[in-house]
$ cat work_27.cif   # mmCIF, C-alpha atoms
data_data
loop_
_atom_site.label_atom_id
_atom_site.label_comp_id
_atom_site.auth_asym_id
_atom_site.auth_seq_id
_atom_site.Cartn_x
_atom_site.Cartn_y
_atom_site.Cartn_z
CA MET A 5 -19.40 17.83 -4.62
CA LEU A 6 -18.67 14.77 -2.52
CA ALA A 7 -21.90 13.19 -1.32
CA THR A 8 -22.51 13.54 2.40
CA LYS A 9 -25.36 11.06 2.47
CA PRO A 10 -25.21 7.36 1.56
CA LYS A 11 -26.73 6.23 -1.70
CA SER A 12 -27.95 2.90 -0.33
CA PHE A 13 -26.23 1.03 2.49
CA ALA A 14 -22.83 0.76 4.10
CA LYS A 15 -20.38 -2.08 3.81
CA LYS A 16 -20.34 -4.04 7.05
CA LEU A 17 -17.16 -4.48 9.02
CA HIS A 18 -15.78 -8.00 8.60
CA HIS A 19 -13.08 -7.70 11.27
CA VAL A 20 -10.16 -5.60 12.48
CA GLN A 21 -6.72 -6.98 11.75
CA ARG A 22 -4.05 -6.33 14.38
CA ASN A 23 -0.39 -7.30 14.52
CA THR A 24 1.98 -5.93 17.16
CA GLU A 25 4.99 -8.03 16.11
CA HIS A 26 7.87 -6.30 14.35
CA HIS A 27 10.47 -7.82 12.07
CA TRP A 28 13.34 -6.27 10.16
CA VAL A 29 13.52 -6.19 6.38
CA GLY A 30 17.21 -5.73 5.78
CA ASN A 31 18.71 -3.36 8.33
CA GLY A 32 16.59 -0.32 7.52
CA PHE A 33 12.92 -1.25 7.64
CA PRO A 34 11.32 -2.14 11.02
CA VAL A 35 8.11 -3.70 9.71
CA ARG A 36 4.73 -4.83 10.96
CA SER A 37 2.95 -6.93 8.33
CA LEU A 38 -0.67 -5.95 8.98
CA VAL A 39 -2.31 -8.10 6.30
CA SER A 40 -0.98 -10.72 3.88
CA TYR A 41 -2.40 -13.01 1.22
CA PRO A 42 -1.65 -16.49 2.67
CA LYS A 43 -4.39 -16.05 5.29
CA LEU A 44 -6.56 -13.27 3.85
CA GLY A 45 -6.21 -13.56 0.07
CA ALA A 46 -9.89 -13.49 -0.92
CA LEU A 47 -10.76 -10.73 1.58
CA ILE A 48 -8.02 -8.32 0.49
CA SER A 49 -7.60 -9.00 -3.25
CA PRO A 50 -6.25 -7.31 -5.38
CA PHE A 51 -3.94 -6.37 -2.50
CA LEU A 52 -1.50 -9.01 -1.30
CA LEU A 53 0.47 -7.47 1.56
CA PHE A 54 0.50 -4.36 3.74
CA ASP A 55 3.82 -3.67 5.47
CA TYR A 56 4.03 -0.70 7.83
CA ALA A 57 7.62 0.39 8.54
CA GLY A 58 8.09 2.59 11.59
CA PRO A 59 7.57 5.14 12.85
CA MET A 60 11.10 4.91 14.24
CA GLU A 61 13.86 7.41 14.98
CA PHE A 62 17.17 6.57 13.33
CA PRO A 63 20.41 8.18 14.52
CA PRO A 64 22.76 9.75 11.96
CA THR A 65 24.92 7.20 10.15
CA ASP A 66 27.17 6.76 7.13
CA LYS A 67 25.99 3.16 6.73
CA ARG A 68 23.62 2.09 3.94
CA LEU A 69 20.39 1.13 5.71
CA GLY A 70 17.85 -0.90 3.77
CA VAL A 71 17.70 -4.09 1.76
CA GLY A 72 20.06 -5.08 -1.03
CA GLU A 73 19.49 -6.59 -4.46
CA HIS A 74 16.51 -8.96 -4.64
CA PRO A 75 13.95 -10.06 -7.26
CA HIS A 76 10.16 -9.89 -7.73
CA ARG A 77 7.74 -11.33 -10.28
CA GLY A 78 3.97 -11.37 -10.74
CA PHE A 79 2.84 -8.24 -8.85
CA GLU A 80 3.54 -4.59 -8.06
CA THR A 81 5.10 -2.88 -5.05
CA VAL A 82 3.75 0.50 -3.93
CA THR A 83 5.85 2.48 -1.46
CA ILE A 84 4.35 5.55 0.26
CA VAL A 85 6.70 7.68 2.36
CA TYR A 86 5.38 9.60 5.38
CA SER A 87 8.71 10.57 6.98
CA GLY A 88 12.27 10.11 5.82
CA GLU A 89 13.57 9.19 2.38
CA VAL A 90 13.82 6.02 0.28
CA GLU A 91 16.23 5.48 -2.60
CA HIS A 92 15.42 2.81 -5.17
CA ARG A 93 16.99 1.41 -8.31
CA ASP A 94 15.95 -1.52 -10.45
CA SER A 95 16.98 -3.60 -13.44
CA SER A 96 14.38 -1.93 -15.69
CA GLY A 97 16.23 1.36 -15.35
CA GLY A 98 13.72 2.82 -12.92
CA GLY A 99 14.63 4.46 -9.67
CA GLY A 100 15.27 7.61 -7.75
CA LYS A 101 14.66 9.13 -4.34
CA ILE A 102 11.27 9.74 -2.77
CA GLY A 103 10.47 11.74 0.34
CA PRO A 104 7.43 12.62 2.46
CA GLY A 105 4.22 12.42 0.44
CA ASP A 106 5.87 10.77 -2.57
CA VAL A 107 4.94 7.36 -3.97
CA GLN A 108 7.04 4.76 -5.79
CA TRP A 109 4.97 2.34 -7.90
CA MET A 110 7.09 -0.51 -9.24
CA THR A 111 5.51 -3.05 -11.57
CA ALA A 112 7.63 -6.20 -11.30
CA ALA A 113 5.38 -8.19 -13.67
CA SER A 114 7.63 -10.54 -15.72
CA GLY A 115 10.53 -9.93 -13.40
CA ILE A 116 12.72 -7.26 -11.89
CA VAL A 117 15.70 -6.97 -9.57
CA HIS A 118 15.93 -3.97 -7.26
CA ASP A 119 17.27 -2.58 -4.01
CA GLU A 120 15.85 -0.10 -1.49
CA PHE A 121 17.75 2.02 1.01
CA HIS A 122 17.26 5.05 3.19
CA GLY A 123 18.15 8.20 1.27
CA ARG A 124 21.82 9.11 1.82
CA ASP A 125 21.03 12.64 3.00
CA PHE A 126 18.40 11.39 5.42
CA ALA A 127 20.72 8.67 6.79
CA GLN A 128 23.49 11.18 7.45
CA GLN A 129 21.12 13.55 9.25
CA GLY A 130 19.03 10.91 11.00
CA GLY A 131 15.42 11.40 11.99
CA LEU A 132 11.95 9.90 11.98
CA PHE A 133 11.37 7.19 9.38
CA GLU A 134 7.86 6.00 8.43
CA MET A 135 6.59 4.37 5.26
CA VAL A 136 4.09 1.87 3.92
CA GLN A 137 4.72 -0.75 1.27
CA LEU A 138 1.86 -2.53 -0.47
CA TRP A 139 2.02 -5.54 -2.72
CA VAL A 140 -0.65 -5.32 -5.43
CA ASN A 141 -1.50 -8.45 -7.40
CA LEU A 142 -1.63 -8.62 -11.19
CA PRO A 143 -4.16 -10.72 -13.12
CA ALA A 144 -2.73 -13.77 -14.90
CA LYS A 145 -2.88 -12.06 -18.30
CA ASN A 146 -0.56 -9.29 -17.06
CA LYS A 147 1.87 -11.19 -14.84
CA MET A 148 4.42 -11.53 -17.64
CA SER A 149 4.11 -7.95 -18.91
CA PRO A 150 7.32 -5.88 -19.14
CA ALA A 151 8.50 -4.45 -15.82
CA HIS A 152 8.24 -0.69 -15.37
CA TYR A 153 8.27 2.06 -12.77
CA GLN A 154 6.11 5.07 -11.83
CA ASN A 155 7.63 7.84 -9.74
CA ILE A 156 4.74 9.88 -8.26
CA LEU A 157 5.62 13.07 -6.42
CA ASP A 158 3.50 14.64 -3.70
CA SER A 159 2.89 17.65 -5.96
CA GLN A 160 1.29 15.38 -8.59
CA ILE A 161 -1.30 13.91 -6.21
CA PRO A 162 -4.66 15.76 -6.18
CA VAL A 163 -6.30 16.57 -2.84
CA VAL A 164 -10.03 16.45 -2.09
CA GLN A 165 -11.30 18.51 0.85
CA LEU A 166 -14.05 16.55 2.59
CA PRO A 167 -17.31 18.34 3.46
CA GLU A 168 -17.78 20.31 6.68
CA ASP A 169 -14.08 20.32 7.60
CA GLN A 170 -14.04 16.55 8.06
CA GLY A 171 -10.54 16.28 6.63
CA SER A 172 -8.81 15.70 3.33
CA ALA A 173 -7.95 12.89 0.93
CA ARG A 174 -4.93 12.61 -1.37
CA ILE A 175 -5.97 10.55 -4.38
CA ILE A 176 -3.02 8.31 -5.28
CA ALA A 177 -5.05 5.93 -7.44
CA GLY A 178 -8.67 5.84 -8.54
CA GLU A 179 -11.10 8.73 -8.23
CA LEU A 180 -12.97 10.77 -5.63
CA ASP A 181 -15.24 13.77 -6.18
CA GLY A 182 -14.16 14.05 -9.81
CA LEU A 183 -10.42 14.09 -9.11
CA VAL A 184 -8.35 11.22 -10.52
CA GLY A 185 -5.12 9.91 -9.02
CA PRO A 186 -1.95 9.75 -11.15
CA ALA A 187 -1.18 6.05 -10.63
CA LYS A 188 -1.88 3.82 -13.62
CA THR A 189 -3.25 0.44 -12.52
CA TYR A 190 -3.97 -2.87 -14.27
CA THR A 191 -7.25 -3.47 -12.42
CA PRO A 192 -9.71 -0.91 -10.97
CA MET A 193 -8.75 0.33 -7.50
CA HIS A 194 -8.77 3.32 -5.20
CA ILE A 195 -5.87 4.28 -2.92
CA TRP A 196 -6.61 7.38 -0.84
CA ASP A 197 -4.33 8.89 1.80
CA LEU A 198 -6.67 10.51 4.32
CA ARG A 199 -6.26 12.99 7.15
CA LEU A 200 -9.35 12.92 9.38
CA ALA A 201 -10.15 15.00 12.46
CA SER A 202 -13.91 15.07 12.89
CA GLU A 203 -16.22 13.61 15.49
CA GLN A 204 -19.09 13.64 13.00
CA LEU A 205 -20.07 10.84 10.66
CA ILE A 206 -18.06 10.57 7.45
CA HIS A 207 -19.35 8.61 4.45
CA LEU A 208 -16.72 7.50 1.96
CA PRO A 209 -18.12 6.21 -1.36
CA VAL A 210 -16.61 2.91 -2.53
CA PRO A 211 -17.89 0.53 -5.24
CA ASP A 212 -20.26 -2.28 -4.40
CA GLY A 213 -18.52 -5.65 -4.82
CA TYR A 214 -15.02 -4.29 -4.20
CA ASN A 215 -12.82 -5.35 -1.30
CA THR A 216 -12.16 -2.41 1.04
CA LEU A 217 -9.52 -1.95 3.73
CA LEU A 218 -9.08 1.02 6.03
CA ALA A 219 -5.59 1.16 7.54
CA VAL A 220 -5.10 3.55 10.47
CA LEU A 221 -1.49 4.66 10.81
CA LYS A 222 -1.94 7.39 13.45
CA GLY A 223 -4.78 8.41 15.73
CA SER A 224 -8.02 6.43 15.71
CA VAL A 225 -11.44 6.17 14.11
CA GLN A 226 -14.66 4.34 14.86
CA ILE A 227 -16.51 2.14 12.40
CA ASP A 228 -20.29 2.49 12.59
CA GLY A 229 -19.87 4.12 16.00
CA VAL A 230 -18.95 0.79 17.57
CA GLU A 231 -15.52 -0.61 16.68
CA THR A 232 -12.47 1.56 17.37
CA VAL A 233 -9.56 1.13 14.99
CA GLY A 234 -6.28 2.50 16.29
CA ALA A 235 -2.74 3.01 15.06
CA ALA A 236 -1.25 0.15 13.00
CA GLU A 237 -4.63 -1.58 12.67
CA ILE A 238 -6.68 -2.36 9.56
CA ALA A 239 -10.46 -2.59 9.26
CA ILE A 240 -11.52 -5.10 6.60
CA PHE A 241 -15.04 -4.75 5.19
CA GLU A 242 -17.55 -7.00 3.49
CA GLN A 243 -17.85 -6.56 -0.29
CA THR A 244 -21.54 -5.64 -0.33
CA GLY A 245 -22.40 -1.94 -0.02
CA ASP A 246 -21.46 1.31 -1.74
CA HIS A 247 -19.87 3.30 1.09
CA ILE A 248 -18.20 2.96 4.47
CA CYS A 249 -19.08 4.92 7.62
CA ILE A 250 -16.42 6.44 9.90
CA ASP A 251 -16.85 8.66 12.93
CA HIS A 252 -14.98 9.89 16.01
CA ALA A 253 -11.84 10.43 13.96
CA LYS A 254 -9.10 11.69 16.26
CA ASN A 255 -6.12 13.20 14.40
CA ALA A 256 -6.15 10.14 12.16
CA THR A 257 -3.84 9.36 9.27
CA VAL A 258 -5.64 6.67 7.30
CA LEU A 259 -4.95 4.81 4.08
CA LEU A 260 -8.02 3.54 2.23
CA LEU A 261 -7.48 0.62 -0.16
CA CYS A 262 -10.38 -0.48 -2.32
CA GLY A 263 -10.19 -2.71 -5.38
CA GLU A 264 -11.98 -5.06 -7.70
CA PRO A 265 -11.08 -8.61 -6.58
CA ILE A 266 -8.92 -10.73 -8.86
CA VAL A 267 -10.69 -14.08 -8.70
CA GLU A 268 -7.75 -16.33 -9.62
CA PRO A 269 -5.50 -18.76 -7.73
CA ILE A 270 -2.69 -17.17 -5.72
CA VAL A 271 0.52 -19.19 -5.38
CA GLY A 272 3.45 -17.43 -3.80
CA SER A 273 6.97 -18.12 -2.64
CA GLY A 274 9.03 -15.32 -1.12
CA PRO A 275 9.38 -12.52 -3.71
CA PHE A 276 7.29 -14.28 -6.39
CA VAL A 277 3.47 -14.38 -6.63
CA MET A 278 1.97 -16.32 -9.53
CA ASN A 279 -1.03 -18.59 -10.25
CA THR A 280 0.60 -22.05 -10.23
CA GLN A 281 3.53 -23.82 -8.60
CA ALA A 282 5.02 -24.45 -12.03
CA GLU A 283 5.12 -20.68 -12.61
CA ILE A 284 6.86 -20.20 -9.25
CA ASN A 285 9.45 -22.81 -10.17
CA GLN A 286 10.04 -21.03 -13.48
CA ALA A 287 10.41 -17.67 -11.71
CA LYS A 288 13.11 -19.10 -9.45
CA ALA A 289 14.93 -20.61 -12.43
CA ASP A 290 14.70 -17.37 -14.42
CA TYR A 291 16.08 -15.32 -11.54
CA THR A 292 18.93 -17.75 -10.94
CA SER A 293 19.87 -17.72 -14.63
CA GLY A 294 19.87 -13.90 -14.74
CA LYS A 295 16.80 -13.46 -16.95
CA MET A 296 15.35 -10.84 -14.58
CA GLY A 297 18.37 -8.64 -15.07
CA HIS A 298 20.99 -7.22 -12.74
CA LEU A 299 21.78 -3.95 -11.04
CA VAL A 300 24.81 -2.09 -12.34
#
$ encode --input "work_27.cif" --output "structure tokens"
Amino acid sequence: MLATKPKSFAKKLHHVQRNTEHHWVGNGFPVRSLVSYPKLGALISPFLLFDYAGPMEFPPTDKRLGVGEHPHRGFETVTIVYSGEVEHRDSSGGGGKIGPGDVQWMTAASGIVHDEFHGRDFAQQGGLFEMVQLWVNLPAKNKMSPAHYQNILDSQIPVVQLPEDQGSARIIAGELDGLVGPAKTYTPMHIWDLRLASEQLIHLPVPDGYNTLLAVLKGSVQIDGVETVGAAEIAIFEQTGDHICIDHAKNATVLLLCGEPIVEPIVGSGPFVMNTQAEINQAKADYTSGKMGHLV
């Protein structure tokens, strides 16, 4: 069973990242970018970006709400839906519709063109929309791998019940208490979707030397009984230590991201993230010339 006592010592809190500013991605995604690689690259690697869209009520509409055709190269996008629906299609042939609890894992790698919109049924009915999109970096040796797509349904994601009614964890990627998430990743990482509602101390085991982020979407938690992390805030931890300590969880929806750092240069420009400026220039040229494909 999941250990309730630490093996050695906890990772220390580095800082809490907060961003109250919204911006629109297309006309369907009201986004707060909570962390991004230009300022925090070494602290959050292998993760590059955490965009939190919503929660926002949308009225019924016949319009297509979202963002149209655009490219990516050099990384992966991971979309987790909490409320509403997202429809996706891409030039690799991947795509479909995902709803609450589902995950869309798109590996852009050598290059892909895609679009993302609210699901047609959801748009016509209207309602609460809430989702997270992560950008996950790829090591240099994999950046030019073929693009592909993983559609992960809620029913495919195993759930771990934490001890003493502390809450539950959906294991999207990585492993907890012997259960392994369905996402296939290029570098070792854990992505756990947690529901926490316990005043008592919770120890979550995470590997020593990995970067660890704890993103609170709803409710609040305390770190080490001192620092409160509320909705749309991310706690970023030091690498050293083999667990994190959480307490005073109040109806909290939390996403834990933990991964082995990719210790390589990060050079990005818009939808492309590579290792050198020359590779960025080539990505732009390849997209312009149609080498990343088209949507039909």
$ closest_residue --input "work_27.cif" --among "A:Lys43, A:His19, A:Lys254, A:His118" --to "Met296 (chain A)" --atoms "all atoms listed in the file"
A:His118
$ closest_residue --input "work_27.cif" --among "A:Val220, A:Val71, A:Leu17, A:Val163" --to "Gly245 (chain A)" --atoms "only C-alpha atoms"
A:Leu17
$ resolve_selection --input "work_27.cif" --expression "the PyMOL selection byres ((chain A and resi 172) around 12)" --output "count of residues only"
30
$ residues_around --input "work_27.cif" --residues "Trp28 (chain A)" --least-positions-apart "5" --cutoff "10 Å" --atoms "all atoms listed in the file" --output "PyMOL selection string"
chain A and resi 33-36+57+70-71
$ atom_distance --input "work_27.cif" --atom1 "CA of Gly58 (chain A)" --atom2 "CA of Gly88 (chain A)"
10.4 Å
$ resolve_selection --input "work_27.cif" --expression "the PyMOL selection byres ((chain A and resi 109-115) around 8)" --output "ChimeraX atom specification"
/A:75-83,107-108,116-117,142,146-156,187,287,291,296
